[in-house]
$ cat query26.cif   # mmCIF, C-alpha atoms
data_structure
#
loop_
_atom_site.label_atom_id
_atom_site.label_comp_id
_atom_site.auth_asym_id
_atom_site.auth_seq_id
_atom_site.Cartn_x
_atom_site.Cartn_y
_atom_site.Cartn_z
CA MET A 1 0.00 0.00 0.00
CA ILE A 2 1.14 3.54 -0.76
CA LEU A 3 -0.05 6.88 0.54
CA VAL A 4 -0.50 9.58 -2.10
CA ASP A 5 0.11 13.23 -1.25
CA SER A 6 -2.07 16.11 -2.41
CA SER A 7 0.77 17.35 -4.64
CA VAL A 8 0.19 14.31 -6.86
CA TRP A 9 -3.61 14.23 -6.59
CA VAL A 10 -3.92 17.89 -7.64
CA ASP A 11 -1.80 17.29 -10.74
CA TYR A 12 -3.67 14.04 -11.44
CA PHE A 13 -7.10 15.70 -11.33
CA ASN A 14 -5.81 18.62 -13.41
CA GLY A 15 -4.62 16.22 -16.13
CA ILE A 16 -0.94 17.05 -15.67
CA ARG A 17 1.33 14.27 -16.89
CA SER A 18 4.38 13.60 -14.76
CA THR A 19 6.33 10.63 -13.50
CA GLU A 20 4.25 10.74 -10.33
CA THR A 21 0.83 11.01 -11.98
CA ASP A 22 1.73 8.31 -14.51
CA PHE A 23 2.77 6.05 -11.61
CA LEU A 24 -0.49 6.81 -9.78
CA ASP A 25 -2.55 6.12 -12.89
CA ALA A 26 -0.76 2.79 -13.43
CA THR A 27 -1.16 1.86 -9.75
CA LEU A 28 -4.87 2.64 -9.24
CA GLY A 29 -6.88 -0.56 -9.35
CA ILE A 30 -3.73 -2.71 -9.31
CA GLU A 31 -2.11 -1.95 -5.95
CA PRO A 32 -3.71 -0.60 -2.76
CA VAL A 33 -3.67 3.20 -2.66
CA ALA A 34 -4.46 5.23 0.44
CA ILE A 35 -5.07 8.87 1.28
CA GLY A 36 -4.86 10.70 4.58
CA ASP A 37 -7.74 12.70 6.02
CA LEU A 38 -5.74 15.94 5.83
CA ILE A 39 -4.79 15.19 2.22
CA LEU A 40 -8.44 14.47 1.43
CA ALA A 41 -9.41 17.88 2.79
CA GLU A 42 -6.61 19.63 0.85
CA VAL A 43 -7.58 17.99 -2.44
CA LEU A 44 -11.35 18.33 -2.18
CA GLN A 45 -11.32 21.99 -1.14
CA GLY A 46 -9.67 22.88 -4.45
CA PHE A 47 -12.56 21.87 -6.73
CA ARG A 48 -14.70 24.67 -8.09
CA SER A 49 -17.18 22.62 -10.09
CA GLU A 50 -19.71 20.65 -8.05
CA SER A 51 -19.65 17.76 -10.52
CA ASP A 52 -15.83 17.55 -10.41
CA TYR A 53 -15.96 17.73 -6.61
CA GLN A 54 -18.51 14.90 -6.41
CA ALA A 55 -16.58 12.70 -8.86
CA ALA A 56 -13.29 13.22 -7.00
CA LYS A 57 -14.95 12.70 -3.63
CA SER A 58 -16.44 9.42 -4.83
CA LEU A 59 -13.06 8.19 -6.11
CA LEU A 60 -11.11 9.29 -3.05
CA LEU A 61 -13.57 7.90 -0.51
CA GLY A 62 -13.26 4.55 -2.28
CA LEU A 63 -9.65 4.43 -1.11
CA THR A 64 -8.38 3.59 2.34
CA VAL A 65 -8.50 6.84 4.33
CA PHE A 66 -6.09 7.13 7.26
CA GLU A 67 -6.54 9.50 10.19
CA LEU A 68 -3.09 11.06 10.24
CA LEU A 69 -2.75 12.72 13.61
CA GLY A 70 -3.18 11.93 17.27
CA GLN A 71 -1.26 12.86 20.39
CA ASP A 72 1.66 10.47 19.84
CA LEU A 73 2.05 11.40 16.18
CA ALA A 74 1.78 15.10 17.01
CA VAL A 75 4.80 14.76 19.30
CA ARG A 76 6.74 12.66 16.73
CA THR A 77 5.91 15.28 14.09
CA ALA A 78 7.32 18.05 16.28
CA ASP A 79 10.41 15.91 16.98
CA ASN A 80 10.98 15.36 13.26
CA TYR A 81 10.50 19.05 12.48
CA ARG A 82 12.99 20.01 15.18
CA MET A 83 15.50 17.40 14.02
CA LEU A 84 15.39 18.73 10.46
CA ARG A 85 15.63 22.32 11.69
CA ARG A 86 18.78 21.43 13.64
CA ARG A 87 20.19 20.13 10.34
CA GLY A 88 19.42 23.45 8.65
CA VAL A 89 16.18 22.40 6.93
CA THR A 90 12.98 24.31 7.58
CA VAL A 91 9.88 22.48 6.39
CA ARG A 92 7.40 25.03 5.08
CA LYS A 93 4.15 23.26 5.95
CA THR A 94 3.17 21.48 9.16
CA VAL A 95 0.83 19.25 7.15
CA ASP A 96 3.84 17.91 5.23
CA CYS A 97 5.57 17.09 8.52
CA ILE A 98 2.46 15.24 9.68
CA ILE A 99 2.16 13.25 6.44
CA ALA A 100 5.85 12.35 6.35
CA THR A 101 5.90 11.36 10.01
CA TYR A 102 2.80 9.20 9.60
CA CYS A 103 4.40 7.36 6.69
CA ILE A 104 7.72 6.93 8.52
CA GLU A 105 6.02 5.58 11.65
CA ARG A 106 3.74 3.21 9.70
CA GLY A 107 6.31 2.14 7.12
CA LEU A 108 4.17 3.41 4.25
CA PRO A 109 5.79 4.58 1.01
CA LEU A 110 4.68 8.08 0.00
CA LEU A 111 3.99 9.16 -3.56
CA TYR A 112 4.71 12.88 -3.75
CA SER A 113 5.93 15.58 -6.09
CA ASP A 114 6.48 18.25 -3.42
CA ARG A 115 10.21 18.72 -2.79
CA ASP A 116 9.50 19.46 0.88
CA PHE A 117 9.40 15.70 1.45
CA ASP A 118 12.95 15.16 0.17
CA PRO A 119 14.64 15.95 3.53
CA PHE A 120 12.43 13.34 5.19
CA VAL A 121 13.66 10.77 2.66
CA LYS A 122 17.29 11.83 3.00
CA SER A 123 17.46 12.22 6.77
CA LEU A 124 14.55 10.46 8.46
CA GLY A 125 13.85 7.31 6.49
CA LEU A 126 10.72 8.28 4.56
CA VAL A 127 10.34 5.89 1.62
CA SER A 128 9.38 7.28 -1.78
CA ALA A 129 6.78 5.18 -3.58
CA LEU A 130 8.53 5.79 -6.90
CA PRO A 131 10.92 3.04 -7.89
CA ALA A 132 14.57 4.14 -7.71
CA THR A 133 16.01 5.01 -11.09
#
$ encode --input "query26.cif" --output "structure tokens"
Amino acid sequence: MILVDSSVWVDYFNGIRSTETDFLDATLGIEPVAIGDLILAEVLQGFRSESDYQAAKSLLLGLTVFELLGQDLAVRTADNYRMLRRRGVTVRKTVDCIIATYCIERGLPLLYSDRDFDPFVKSLGLVSALPAT
């Protein structure tokens, strides 16, 4: 199972072709794909058309939806943020720290196109869902 970040879903729903969206398209229906509750909110709030919103909501709610945060994960998220900051990396979005920490703690590969996840891969053991090239 892989978790897919909003950075990929937004491109996917906007018809943008990339390595990540091609991988997602090839994976849907073949391998288990999950989404986090915070990612679900980020993606769905971006739709302007009611019909597009309903279609996306139907697709996304058909996936496994993980609740990404609780007390223990909140503390681990803060720990990870602080560890990266000590190494000179400032993560721009708390949501990205939450998503990365959830995946690290649960051993879930993350499909993303947002470079803010790269320090988590390099320094904290986050696994990218994309096969190594």
$ resolve_selection --input "query26.cif" --expression "the PyMOL selection byres ((chain A and resi 58-71) around 7)" --output "ChimeraX atom specification"
/A:33-37,54-57,72-75,98-99,102
$ resolve_selection --input "query26.cif" --expression "the PyMOL selection byres ((chain A and resi 1-17) around 8)" --output "JSON, numbers by chain"
{"A": [18, 19, 20, 21, 22, 31, 32, 33, 34, 35, 36, 39, 40, 42, 43, 56, 99, 103, 108, 109, 110, 111, 112, 113, 114, 129]}
$ resolve_selection --input "query26.cif" --expression "the PyMOL selection byres ((chain A and resi 118-122) around 10)" --output "ChimeraX atom specification"
/A:80-81,84,87,89-91,96-97,100-101,104,110,112-117,123-128
$ atom_distance --input "query26.cif" --atom1 "atom CA of A:Ala26" --atom2 "atom CA of A:Pro131"
12.9 Å
$ axis_aligned_box --input "query26.cif" --around "stretch 107-115 of chain A" --padding-each-side "5 Å" --output "JSON"
{"center_x": 7.1, "center_y": 10.4, "center_z": 0.5, "size_x": 16.2, "size_y": 26.6, "size_z": 23.2}
$ atom_distance --input "query26.cif" --atom1 "atom CA of A:Arg92" --atom2 "atom CA of A:Leu44"
21.2 Å
$ atom_distance --input "query26.cif" --atom1 "atom CA of A:Leu24" --atom2 "atom CA of A:Glu105"
22.4 Å
$ build_atoms --input "query26.cif" --residues "stretch 42-62 of chain A" --atoms "N, CA, C and O atoms" --output "compact mmCIF listing (two decimals), in the coordinates of the input"
# COMPACT_ATOMS: atom_id res chain seq x y z
N GLU A 42 -7.37 18.75 1.74
CA GLU A 42 -6.61 19.63 0.85
C GLU A 42 -7.05 19.48 -0.60
O GLU A 42 -7.21 20.47 -1.31
N VAL A 43 -7.23 18.24 -1.04
CA VAL A 43 -7.58 17.99 -2.44
C VAL A 43 -9.00 18.43 -2.73
O VAL A 43 -9.25 19.17 -3.69
N LEU A 44 -9.94 18.02 -1.89
CA LEU A 44 -11.35 18.33 -2.18
C LEU A 44 -11.68 19.81 -2.10
O LEU A 44 -12.54 20.29 -2.84
N GLN A 45 -11.00 20.56 -1.26
CA GLN A 45 -11.32 21.99 -1.14
C GLN A 45 -10.94 22.76 -2.39
O GLN A 45 -11.42 23.87 -2.60
N GLY A 46 -10.12 22.17 -3.26
CA GLY A 46 -9.67 22.88 -4.45
C GLY A 46 -10.61 22.82 -5.64
O GLY A 46 -10.43 23.55 -6.62
N PHE A 47 -11.65 21.99 -5.59
CA PHE A 47 -12.56 21.87 -6.73
C PHE A 47 -13.56 23.01 -6.76
O PHE A 47 -14.16 23.34 -5.75
N ARG A 48 -13.73 23.58 -7.93
CA ARG A 48 -14.70 24.67 -8.09
C ARG A 48 -16.03 24.15 -8.60
O ARG A 48 -17.08 24.61 -8.20
N SER A 49 -15.97 23.19 -9.50
CA SER A 49 -17.18 22.62 -10.09
C SER A 49 -17.76 21.55 -9.15
O SER A 49 -17.02 20.68 -8.67
N GLU A 50 -19.05 21.63 -8.91
CA GLU A 50 -19.71 20.65 -8.05
C GLU A 50 -19.60 19.25 -8.61
O GLU A 50 -19.36 18.28 -7.88
N SER A 51 -19.73 19.10 -9.92
CA SER A 51 -19.65 17.76 -10.52
C SER A 51 -18.24 17.18 -10.39
O SER A 51 -18.08 15.99 -10.11
N ASP A 52 -17.21 18.02 -10.58
CA ASP A 52 -15.83 17.55 -10.41
C ASP A 52 -15.58 17.18 -8.95
O ASP A 52 -14.93 16.17 -8.66
N TYR A 53 -16.10 18.00 -8.04
CA TYR A 53 -15.96 17.73 -6.61
C TYR A 53 -16.58 16.38 -6.26
O TYR A 53 -15.97 15.56 -5.58
N GLN A 54 -17.81 16.15 -6.73
CA GLN A 54 -18.51 14.90 -6.41
C GLN A 54 -17.79 13.69 -6.99
O GLN A 54 -17.67 12.65 -6.34
N ALA A 55 -17.29 13.81 -8.23
CA ALA A 55 -16.58 12.70 -8.86
C ALA A 55 -15.28 12.38 -8.10
O ALA A 55 -14.97 11.21 -7.83
N ALA A 56 -14.54 13.42 -7.74
CA ALA A 56 -13.29 13.22 -7.00
C ALA A 56 -13.58 12.65 -5.62
O ALA A 56 -12.89 11.73 -5.16
N LYS A 57 -14.59 13.18 -4.96
CA LYS A 57 -14.95 12.70 -3.63
C LYS A 57 -15.31 11.21 -3.68
O LYS A 57 -14.86 10.43 -2.83
N SER A 58 -16.06 10.82 -4.67
CA SER A 58 -16.44 9.42 -4.83
C SER A 58 -15.20 8.53 -5.02
O SER A 58 -15.07 7.48 -4.38
N LEU A 59 -14.29 8.96 -5.87
CA LEU A 59 -13.06 8.19 -6.11
C LEU A 59 -12.23 8.11 -4.85
O LEU A 59 -11.80 7.02 -4.44
N LEU A 60 -12.00 9.23 -4.20
CA LEU A 60 -11.11 9.29 -3.05
C LEU A 60 -11.67 8.55 -1.84
O LEU A 60 -10.92 7.90 -1.10
N LEU A 61 -12.99 8.61 -1.65
CA LEU A 61 -13.57 7.90 -0.51
C LEU A 61 -13.63 6.39 -0.75
O LEU A 61 -13.89 5.62 0.18
N GLY A 62 -13.37 5.96 -1.98
CA GLY A 62 -13.26 4.55 -2.28
C GLY A 62 -11.91 3.97 -1.90
O GLY A 62 -11.71 2.75 -1.92
